[in-house]
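Novice: Okay, so here is final.cif, and as you'll see once you scroll down, it has mmCIF, C-alpha atoms and all ligand atoms.
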data_structure
loop_
_atom_site.label_atom_id
_atom_site.label_comp_id
_atom_site.auth_asym_id
_atom_site.auth_seq_id
_atom_site.Cartn_x
_atom_site.Cartn_y
_atom_site.Cartn_z
CA MET A 1 0.00 0.00 0.00
CA PHE A 2 2.92 2.32 0.52
CA PRO A 3 4.54 4.13 -2.40
CA PHE A 4 7.58 1.86 -2.49
CA ASP A 5 5.34 -1.05 -3.52
CA SER A 6 7.16 -1.66 -6.82
CA SER A 7 4.02 -2.95 -8.51
CA LYS A 8 2.20 0.31 -7.81
CA LYS A 9 4.98 2.93 -8.14
CA LEU A 10 4.70 6.39 -6.68
CA SER A 11 1.52 7.66 -5.08
CA PHE A 12 1.04 10.47 -7.61
CA SER A 13 0.81 8.07 -10.50
CA ARG A 14 -1.48 5.61 -8.73
CA TYR A 15 -5.18 5.09 -8.97
CA ILE A 16 -7.47 3.88 -6.21
CA SER A 17 -8.62 0.25 -6.45
CA ASP A 18 -11.09 -1.88 -4.55
CA GLY A 19 -9.29 -3.18 -1.43
CA ASP A 20 -6.77 -0.31 -1.19
CA LEU A 21 -5.94 1.30 2.14
CA LEU A 22 -6.12 5.07 1.99
CA ILE A 23 -6.09 8.06 4.28
CA VAL A 24 -9.26 10.15 4.31
CA TYR A 25 -8.02 13.69 5.01
CA GLU A 26 -10.37 16.35 6.35
CA ARG A 27 -7.71 18.59 7.92
CA HIS A 28 -4.12 18.13 9.06
CA ASP A 29 -5.49 17.19 12.49
CA ASN A 30 -8.41 15.10 11.30
CA MET A 31 -7.63 12.03 9.21
CA LYS A 32 -8.50 8.35 9.28
CA ALA A 33 -7.39 5.18 7.53
CA VAL A 34 -10.09 3.50 5.42
CA LYS A 35 -10.03 0.29 3.39
CA VAL A 36 -11.86 0.82 0.10
CA SER A 37 -14.63 -1.63 -0.73
CA GLU A 38 -16.98 -1.43 -3.72
CA SER A 39 -20.07 -1.46 -1.46
CA GLY A 40 -18.59 0.65 1.37
CA VAL A 41 -19.66 4.10 2.52
CA LEU A 42 -17.98 6.71 4.69
CA GLN A 43 -20.22 8.91 6.78
CA ASN A 44 -18.95 12.03 8.51
CA ARG A 45 -20.16 15.53 9.38
CA PHE A 46 -19.94 16.47 5.68
CA GLY A 47 -22.38 13.77 4.55
CA VAL A 48 -22.17 10.32 2.97
CA PHE A 49 -19.36 9.30 0.61
CA LYS A 50 -19.69 6.15 -1.54
CA HIS A 51 -16.43 4.23 -1.95
CA SER A 52 -17.55 3.22 -5.44
CA ASP A 53 -17.15 6.89 -6.46
CA TRP A 54 -13.50 6.75 -5.34
CA ILE A 55 -12.40 3.70 -7.34
CA GLY A 56 -10.39 4.67 -10.43
CA LYS A 57 -9.54 8.15 -9.13
CA PRO A 58 -5.88 9.10 -8.56
CA PHE A 59 -4.60 9.28 -4.98
CA GLY A 60 -4.79 12.89 -3.82
CA SER A 61 -8.27 13.39 -5.32
CA LYS A 62 -10.83 15.66 -3.74
CA VAL A 63 -14.14 13.80 -3.51
CA PHE A 64 -17.61 15.04 -2.64
CA SER A 65 -20.40 13.72 -0.40
CA ASN A 66 -24.13 13.60 -1.15
CA LYS A 67 -24.34 17.03 0.56
CA GLY A 68 -21.47 18.64 -1.37
CA GLY A 69 -18.95 18.33 1.47
CA PHE A 70 -15.48 17.10 0.55
CA VAL A 71 -12.45 15.18 1.75
CA TYR A 72 -9.12 14.27 0.13
CA LEU A 73 -8.10 10.67 -0.51
CA LEU A 74 -4.38 10.30 0.20
CA ALA A 75 -1.98 7.41 -0.25
CA PRO A 76 -0.97 5.84 3.09
CA THR A 77 2.61 7.04 3.47
CA ALA A 78 4.65 6.31 6.61
CA GLU A 79 4.22 9.97 7.68
CA LEU A 80 0.43 9.82 7.49
CA TRP A 81 0.25 6.37 9.05
CA THR A 82 2.00 7.71 12.16
CA LEU A 83 -0.81 10.25 12.48
CA VAL A 84 -3.70 7.77 12.10
CA LEU A 85 -2.50 4.51 13.65
CA SER A 86 -4.18 3.17 16.76
CA HIS A 87 -2.20 4.05 19.86
CA ARG A 88 -1.58 0.93 21.90
CA THR A 89 1.44 2.59 23.56
CA GLN A 90 3.23 5.92 23.52
CA ILE A 91 4.53 6.36 19.99
CA LEU A 92 7.35 8.18 18.23
CA TYR A 93 6.40 11.09 15.96
CA ILE A 94 7.80 12.48 12.74
CA ALA A 95 10.45 14.84 14.19
CA ASP A 96 12.12 12.09 16.24
CA ILE A 97 11.55 9.48 13.53
CA SER A 98 13.21 11.47 10.77
CA PHE A 99 16.20 12.24 13.01
CA ILE A 100 16.50 8.56 13.94
CA VAL A 101 16.40 7.31 10.35
CA MET A 102 19.05 9.85 9.33
CA TYR A 103 21.42 9.35 12.28
CA LEU A 104 21.10 5.56 12.17
CA GLU A 105 22.24 5.84 8.53
CA ILE A 106 19.43 3.58 7.39
CA VAL A 107 19.33 2.99 3.65
CA PRO A 108 17.78 0.37 1.36
CA GLY A 109 19.18 -3.07 2.12
CA CYS A 110 19.97 -2.49 5.82
CA LEU A 111 19.20 -5.03 8.52
CA VAL A 112 17.69 -3.18 11.50
CA LEU A 113 16.89 -4.56 14.96
CA GLU A 114 14.28 -2.79 17.10
CA SER A 115 12.73 -3.19 20.53
CA GLY A 116 10.00 -2.53 21.70
CA THR A 117 7.69 -2.53 18.76
CA GLY A 118 4.92 -0.71 20.63
CA SER A 119 2.36 0.61 18.13
CA GLY A 120 4.74 0.21 15.19
CA SER A 121 4.98 3.92 14.48
CA LEU A 122 8.77 3.97 14.10
CA THR A 123 8.82 0.49 12.54
CA THR A 124 6.74 1.72 9.61
CA SER A 125 9.34 4.35 8.70
CA LEU A 126 12.22 1.95 9.31
CA ALA A 127 10.56 -0.48 6.87
CA ARG A 128 10.24 2.18 4.22
CA ALA A 129 13.86 3.21 4.65
CA ILE A 130 15.28 -0.33 4.25
CA ALA A 131 12.93 -1.31 1.38
CA PRO A 132 12.98 -3.11 -0.97
CA SER A 133 15.87 -5.43 -0.05
CA GLY A 134 16.49 -4.87 3.69
CA HIS A 135 14.61 -6.14 6.72
CA VAL A 136 13.45 -4.90 10.12
CA TYR A 137 13.30 -7.42 12.97
CA THR A 138 11.29 -5.87 15.78
CA PHE A 139 10.67 -7.39 19.21
CA ASP A 140 8.16 -6.73 21.96
CA PHE A 141 7.57 -8.84 25.06
CA HIS A 142 3.84 -8.07 25.01
CA GLU A 143 2.17 -10.79 22.90
CA GLN A 144 -1.00 -8.88 22.10
CA ARG A 145 0.93 -5.77 21.03
CA ALA A 146 3.16 -7.85 18.82
CA ALA A 147 0.10 -9.50 17.24
CA SER A 148 -1.61 -6.15 16.63
CA ALA A 149 1.57 -4.76 15.08
CA ARG A 150 1.75 -7.77 12.76
CA GLU A 151 -1.85 -7.13 11.69
CA ASP A 152 -1.02 -3.49 10.98
CA PHE A 153 2.00 -4.43 8.86
CA GLU A 154 -0.24 -6.80 6.87
CA ARG A 155 -2.73 -4.00 6.40
CA THR A 156 -0.14 -1.49 5.25
CA GLY A 157 1.60 -3.97 2.94
CA LEU A 158 4.84 -4.09 4.94
CA SER A 159 4.80 -7.67 6.19
CA ASN A 160 7.46 -8.80 3.71
CA LEU A 161 9.84 -6.17 5.14
CA VAL A 162 9.14 -6.56 8.87
CA THR A 163 9.23 -9.56 11.20
CA VAL A 164 7.71 -9.12 14.66
CA GLY A 165 9.03 -11.36 17.44
CA VAL A 166 7.82 -11.81 21.01
CA ARG A 167 10.85 -11.58 23.30
CA ASP A 168 12.03 -9.98 26.52
CA ILE A 169 14.94 -8.02 25.08
CA GLN A 170 15.96 -6.50 28.41
CA GLY A 171 15.98 -9.97 29.98
CA VAL A 172 17.55 -12.19 27.33
CA GLY A 173 18.79 -9.84 24.61
CA PHE A 174 18.38 -10.20 20.84
CA PRO A 175 18.49 -13.69 19.28
CA ASP A 176 21.96 -15.07 18.49
CA GLU A 177 21.06 -15.51 14.83
CA PHE A 178 21.70 -11.74 14.41
CA LEU A 179 25.22 -11.76 15.94
CA GLY A 180 27.37 -9.28 13.99
CA ARG A 181 24.70 -8.82 11.27
CA ALA A 182 22.79 -5.65 12.20
CA ASP A 183 23.55 -2.33 10.51
CA SER A 184 21.68 -0.52 13.26
CA VAL A 185 19.79 -1.15 16.47
CA PHE A 186 17.01 0.98 17.94
CA LEU A 187 15.80 0.70 21.54
CA ASP A 188 12.62 2.24 23.00
CA LEU A 189 12.61 0.37 26.30
CA PRO A 190 12.16 1.40 29.93
CA GLN A 191 15.66 0.17 30.92
CA PRO A 192 17.64 0.27 27.67
CA TRP A 193 21.00 -0.12 29.43
CA LEU A 194 20.02 -3.75 30.13
CA ALA A 195 19.73 -4.43 26.38
CA ILE A 196 22.86 -2.53 25.29
CA PRO A 197 25.41 -5.39 25.88
CA SER A 198 23.35 -7.66 23.60
CA ALA A 199 22.80 -4.88 21.03
CA SER A 200 26.56 -4.31 20.80
CA LYS A 201 27.09 -7.98 19.89
CA MET A 202 24.45 -7.80 17.16
CA LEU A 203 25.94 -4.80 15.38
CA LYS A 204 28.37 -5.00 12.49
CA GLN A 205 31.72 -3.26 12.99
CA ASP A 206 30.96 0.46 12.85
CA GLY A 207 27.19 -0.09 13.29
CA VAL A 208 25.10 2.56 15.04
CA LEU A 209 22.76 2.25 18.02
CA CYS A 210 20.04 4.65 19.13
CA SER A 211 18.10 4.61 22.35
CA PHE A 212 15.03 6.74 23.04
CA SER A 213 14.22 7.62 26.65
CA PRO A 214 11.71 10.15 27.97
CA CYS A 215 13.83 11.01 31.05
CA ILE A 216 17.39 12.30 31.23
CA GLU A 217 18.20 9.87 34.08
CA GLN A 218 17.51 6.95 31.71
CA ALA A 219 19.60 8.57 28.99
CA GLN A 220 22.46 9.09 31.44
CA LYS A 221 22.45 5.40 32.48
CA SER A 222 22.48 4.37 28.80
CA CYS A 223 25.41 6.71 28.09
CA GLU A 224 27.40 5.17 30.96
CA THR A 225 26.78 1.65 29.63
CA LEU A 226 27.54 2.63 26.04
CA ARG A 227 30.99 4.04 26.82
CA SER A 228 32.62 0.61 27.20
CA ASP A 229 31.91 -0.70 23.67
CA PHE A 230 30.87 2.40 21.74
CA THR A 231 32.34 5.66 20.60
CA ASP A 232 30.82 9.03 19.62
CA VAL A 233 28.11 8.81 22.31
CA ARG A 234 25.79 11.78 21.79
CA THR A 235 22.35 12.70 23.15
CA PHE A 236 19.85 14.95 21.35
CA GLU A 237 16.44 16.40 22.06
CA VAL A 238 14.45 17.20 18.92
CA LEU A 239 12.02 20.08 19.39
CA LEU A 240 9.54 20.84 16.64
CA HIS A 241 7.72 24.12 16.20
CA THR A 242 5.05 24.72 13.61
CA TYR A 243 4.10 28.18 12.42
CA GLU A 244 1.14 29.87 10.89
CA VAL A 245 2.53 32.17 8.20
CA ARG A 246 0.49 34.74 6.38
CA GLU A 247 0.59 38.16 4.84
CA GLY A 248 -1.64 40.65 6.52
CA ASN A 249 -2.00 43.67 8.67
CA LEU A 250 0.06 43.41 11.84
CA ARG A 251 -2.39 45.46 13.87
CA SER A 252 -5.44 43.44 12.81
CA TRP A 253 -3.76 40.14 13.73
CA GLN A 254 -2.77 41.54 17.14
CA ASP A 255 -6.29 42.87 17.64
CA ASN A 256 -7.84 39.52 16.71
CA ASP A 257 -5.62 37.77 19.24
CA GLY A 258 -6.20 40.34 21.93
CA GLY A 259 -2.57 41.38 21.38
CA SER A 260 -1.34 38.34 23.30
CA MET A 261 0.42 36.32 20.58
CA SER A 262 4.09 36.68 19.81
CA LEU A 263 4.63 37.73 16.22
CA LYS A 264 7.71 37.51 14.05
CA SER A 265 7.76 39.78 11.08
CA CYS A 266 10.08 39.29 8.16
CA LYS A 267 12.24 42.44 8.15
CA LYS A 268 14.12 41.55 4.98
CA ARG A 269 10.90 41.19 3.05
CA GLN A 270 9.50 44.31 4.65
CA ARG A 271 12.54 46.27 3.48
CA SER A 272 12.54 44.83 -0.01
CA THR A 273 8.82 45.47 -0.53
CA LYS A 274 8.75 48.80 1.22
CA GLY A 275 6.81 50.55 -1.52
CA LEU A 276 4.20 47.84 -1.62
CA GLU A 277 4.00 47.73 2.15
CA ASN A 278 3.37 51.43 2.44
CA ALA A 279 0.68 51.18 -0.16
CA SER A 280 -1.14 48.23 1.35
CA SER A 281 0.10 48.16 5.00
CA LEU A 282 0.66 44.44 4.57
CA THR A 283 3.50 42.52 6.13
CA ILE A 284 4.50 38.87 6.42
CA MET A 285 3.81 37.46 9.83
CA ALA A 286 4.65 34.12 11.42
CA ARG A 287 2.99 32.93 14.58
CA ARG A 288 4.10 29.83 16.46
CA ASN A 289 1.29 27.34 16.42
CA GLY A 290 -0.16 26.19 19.74
CA GLU A 291 0.04 22.58 18.51
CA SER A 292 3.86 22.62 18.48
CA ARG A 293 5.21 19.49 20.11
CA GLY A 294 7.59 20.08 23.02
CA HIS A 295 9.64 17.50 24.87
CA THR A 296 9.14 13.91 23.75
CA GLY A 297 12.39 12.36 24.89
CA TYR A 298 16.14 12.11 24.50
CA LEU A 299 17.77 10.28 21.62
CA THR A 300 21.16 8.79 22.47
CA PHE A 301 23.27 7.62 19.52
CA ALA A 302 26.55 5.72 19.60
CA ARG A 303 28.80 3.95 17.12
CA LEU A 304 30.29 0.53 17.88
CA LYS A 305 34.05 0.75 18.47
CA CYS A 306 36.03 -0.92 15.74
CA THR A 307 38.16 -3.66 17.31
CA LEU A 308 39.90 -4.95 14.17
C1 LIG B 1 6.85 3.15 24.16
S1 LIG B 1 6.57 1.61 23.41
C2 LIG B 1 7.45 1.72 21.87
C3 LIG B 1 6.74 2.61 20.87
C4 LIG B 1 7.33 2.53 19.48
N1 LIG B 1 8.67 3.08 19.44
C5 LIG B 1 6.44 3.27 18.49
O1 LIG B 1 6.93 4.25 17.86
O2 LIG B 1 5.29 2.88 18.30
C6 LIG B 1 7.60 0.56 24.36
C7 LIG B 1 7.36 -0.92 24.07
O3 LIG B 1 8.40 -1.65 24.70
C8 LIG B 1 7.86 -2.88 25.11
N2 LIG B 1 8.76 -3.44 26.12
C9 LIG B 1 8.93 -3.02 27.41
N3 LIG B 1 9.85 -3.80 28.01
C10 LIG B 1 10.26 -4.71 27.10
C11 LIG B 1 11.20 -5.78 27.13
N4 LIG B 1 11.87 -6.08 28.24
N5 LIG B 1 11.39 -6.50 25.99
C12 LIG B 1 10.70 -6.21 24.88
N6 LIG B 1 9.79 -5.23 24.80
C13 LIG B 1 9.57 -4.47 25.89
C14 LIG B 1 6.47 -2.51 25.64
O4 LIG B 1 5.61 -3.66 25.63
C15 LIG B 1 6.04 -1.44 24.64
O5 LIG B 1 5.25 -1.98 23.62
#
Show the structure stored in the file as structure tokens.
Specialist:
Amino acid sequence: MFPFDSSKKLSFSRYISDGDLLIVYERHDNMKAVKVSESGVLQNRFGVFKHSDWIGKPFGSKVFSNKGGFVYLLAPTAELWTLVLSHRTQILYIADISFIVMYLEIVPGCLVLESGTGSGSLTTSLARAIAPSGHVYTFDFHEQRAASAREDFERTGLSNLVTVGVRDIQGVGFPDEFLGRADSVFLDLPQPWLAIPSASKMLKQDGVLCSFSPCIEQAQKSCETLRSDFTDVRTFEVLLHTYEVREGNLRSWQDNDGGSMSLKSCKKRQRSTKGLENASSLTIMARRNGESRGHTGYLTFARLKCTL
């Protein structure tokens, strides 16, 4: 279902078929995953939408209800899936995920080990990054969570790229079959330092490990443990701010907000469009959005020391 499905190519050149999974998009904060079926209907506050009207349309289409309301039908990318998946645990979001994929140097063909699987939010992006020839082996000690994650990977068409195992990684470590084979290891566990000795044995020479922890005390314990076998131990916090940007009248925006919002105006643009600005009293304004995500956790990365 995801764009790297070689039989279906990129989302912009794809057409919706019976049985497809898609994301029904109302707004950036209101989306849901729907499986298309010839006889299916979607009902929301905008009216009734017949799935049969969707079949044959390209992904990205705007479709209308019986009352003239509309939604967009989007291809289920890893980014959108993270926003619509069912939360069985705390999950990782796009800012942390993109940083993790980059810093773990994950590319097509990599073998990645992960624990715990949780709701599979990160796993979905790991799978896309290693596709089409790599593999993600993800482990969770909670049987029901592992089973639900497997069902999700079936649904999203990722099951050939991801294997979900039930295992206590803090207690017994990763399976020996992965000794020296992993390009990278990711840990989102309550006591990651217990899993680090095993993770170090799984990594290839020069492989990279990342551990996510919500509290700095956990990160500090992981750093201590990492220093014996790893080098370049670094901890990051990724903070994401979103902005509302528009051109308008500074005074009217302040008035609308009761003057309480902090505004950033673009001085360079103001200078370069001075004539226009004087004529229209318009300026470019950016306001930090209240939805901005603050602290999620600390990401500790480390590279296995080369012993050759
Ligand atoms: C916060 S969730 C992971 C969320 C995941 N990163 C995501 O983005 O959806 C942590 C998971 O670790 C699992 N877990 C906790 N201790 C574990 C252990 N000793 N071995 C394996 N999994 C464990 C929990 O069952 C839980 O599902």
Novice: Tell me which protein, DNA and RNA residues are within 9 Å of Phe178 of chain A, counting all atoms listed in the file, leaving out same-chain ones fewer than 3 positions away, and put them as a ChimeraX atom specification.
Specialist: /A:113,174-175,181-182,201-203
Novice: Each residue of chain A lying at most 8 Å from ligand LIG 1 (chain B) should get a row with its shortest atom-to-atom pair and the distance in Å to one decimal, counting only C-alpha atoms and all ligand atoms; could you produce that, ordered by chain and increasing number, as a tab-separated table?
Specialist:
residue	atom	partner	partner_atom	distance
A:His87	CA	B:LIG1	O2	7.7
A:Arg88	CA	B:LIG1	O5	7.6
A:Thr89	CA	B:LIG1	S1	5.2
A:Gln90	CA	B:LIG1	C1	4.6
A:Ile91	CA	B:LIG1	O1	3.8
A:Leu92	CA	B:LIG1	O1	4.0
A:Tyr93	CA	B:LIG1	O1	7.1
A:Ser115	CA	B:LIG1	N6	5.6
A:Gly116	CA	B:LIG1	O3	3.5
A:Thr117	CA	B:LIG1	C4	5.1
A:Gly118	CA	B:LIG1	O5	3.3
A:Ser119	CA	B:LIG1	O2	3.7
A:Gly120	CA	B:LIG1	O2	4.1
A:Ser121	CA	B:LIG1	O1	3.9
A:Leu122	CA	B:LIG1	O1	4.2
A:Thr123	CA	B:LIG1	O1	6.8
A:Phe139	CA	B:LIG1	C12	5.8
A:Asp140	CA	B:LIG1	N6	3.6
A:Phe141	CA	B:LIG1	C12	4.1
A:His142	CA	B:LIG1	O4	4.8
A:Arg145	CA	B:LIG1	O5	6.3
A:Ala146	CA	B:LIG1	O5	7.9
A:Val166	CA	B:LIG1	C12	7.4
A:Arg167	CA	B:LIG1	C12	5.6
A:Asp168	CA	B:LIG1	N5	3.6
A:Ile169	CA	B:LIG1	N5	4.0
A:Gln170	CA	B:LIG1	N4	4.1
A:Gly171	CA	B:LIG1	N4	5.9
A:Leu187	CA	B:LIG1	N1	7.8
A:Asp188	CA	B:LIG1	C2	5.3
A:Leu189	CA	B:LIG1	O3	4.9
A:Pro190	CA	B:LIG1	N3	6.0
A:Gln191	CA	B:LIG1	N3	7.6
Novice: Using all atoms listed in the file for the distances, tell me which of A:Thr82, A:Gln205, A:Ser17, A:Thr231 is nearest to Lys32 of chain A.
Specialist: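 The answer is A:Thr82, which sits nearest to Lys32 of chain A.
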Novice: Would you pick out the contacts of segment 42-45 of chain A at 9 Å or less, using all atoms listed in the file, so that residues sharing its chain but fewer than 6 positions from it are not included, and give the list as a PyMOL selection string?
Specialist: chain A and resi 34+51+65+69
Novice: Using only C-alpha atoms, can you tell me which of A:Ile16, A:Ala286, A:Leu194, A:Cys306 comes closest to Phe59 of chain A?
Specialist: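 The answer is A:Ile16, which sits nearest to Phe59 of chain A.
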Novice: Rank A:Ala195, A:Gly165, A:Gly180, A:Arg227 by their smallest atom-to-atom distance to Gly207 of chain A, using all atoms listed in the file, and report the top residue only.
Specialist: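 The shortest atom-to-atom distance to Gly207 of chain A comes from A:Gly180.
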Novice: Find the distance between atom CA of Phe301 of chain A and atom CA of Arg234 of chain A and write it in Å to one decimal.
Specialist: 5.4 Å
Novice: Separation of atom CA of Gln218 of chain A and atom CA of Val233 of chain A, in Å?
Specialist: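 For atom CA of Gln218 of chain A relative to atom CA of Val233 of chain A, the distance reads 14.3 Å.
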Novice: Take atom CA of Phe64 of chain A and atom CA of Val84 of chain A and report the distance between them in Å, one decimal.
Specialist: 21.5 Å
Novice: Using all atoms listed in the file, find the one residue out of A:Ser211, A:Ser281, A:Thr225, A:Asn160 that sits nearest to Tyr298 of chain A.
Specialist: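 The answer is A:Ser211, which sits nearest to Tyr298 of chain A.
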Novice: Near segment 102-105 of chain A, within 8 Å and counting only C-alpha atoms, which residues show up once chain neighbours fewer than 3 positions away are dropped, as a list in words?
Specialist: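 Final neighbour list, sorted by chain and number: Ser98, Phe99, Ser184, Val208, Leu209, Cys210 and Phe301 of chain A.
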Novice: Output, as JSON, the centre and edge lengths in Å (one decimal) of the axis-aligned box that contains all listed atoms of segment 136-151 of chain A with 5 Å of margin on each side.
Specialist:
{"center_x": 5.8, "center_y": -7.8, "center_z": 17.6, "size_x": 25.3, "size_y": 16.0, "size_z": 24.9}
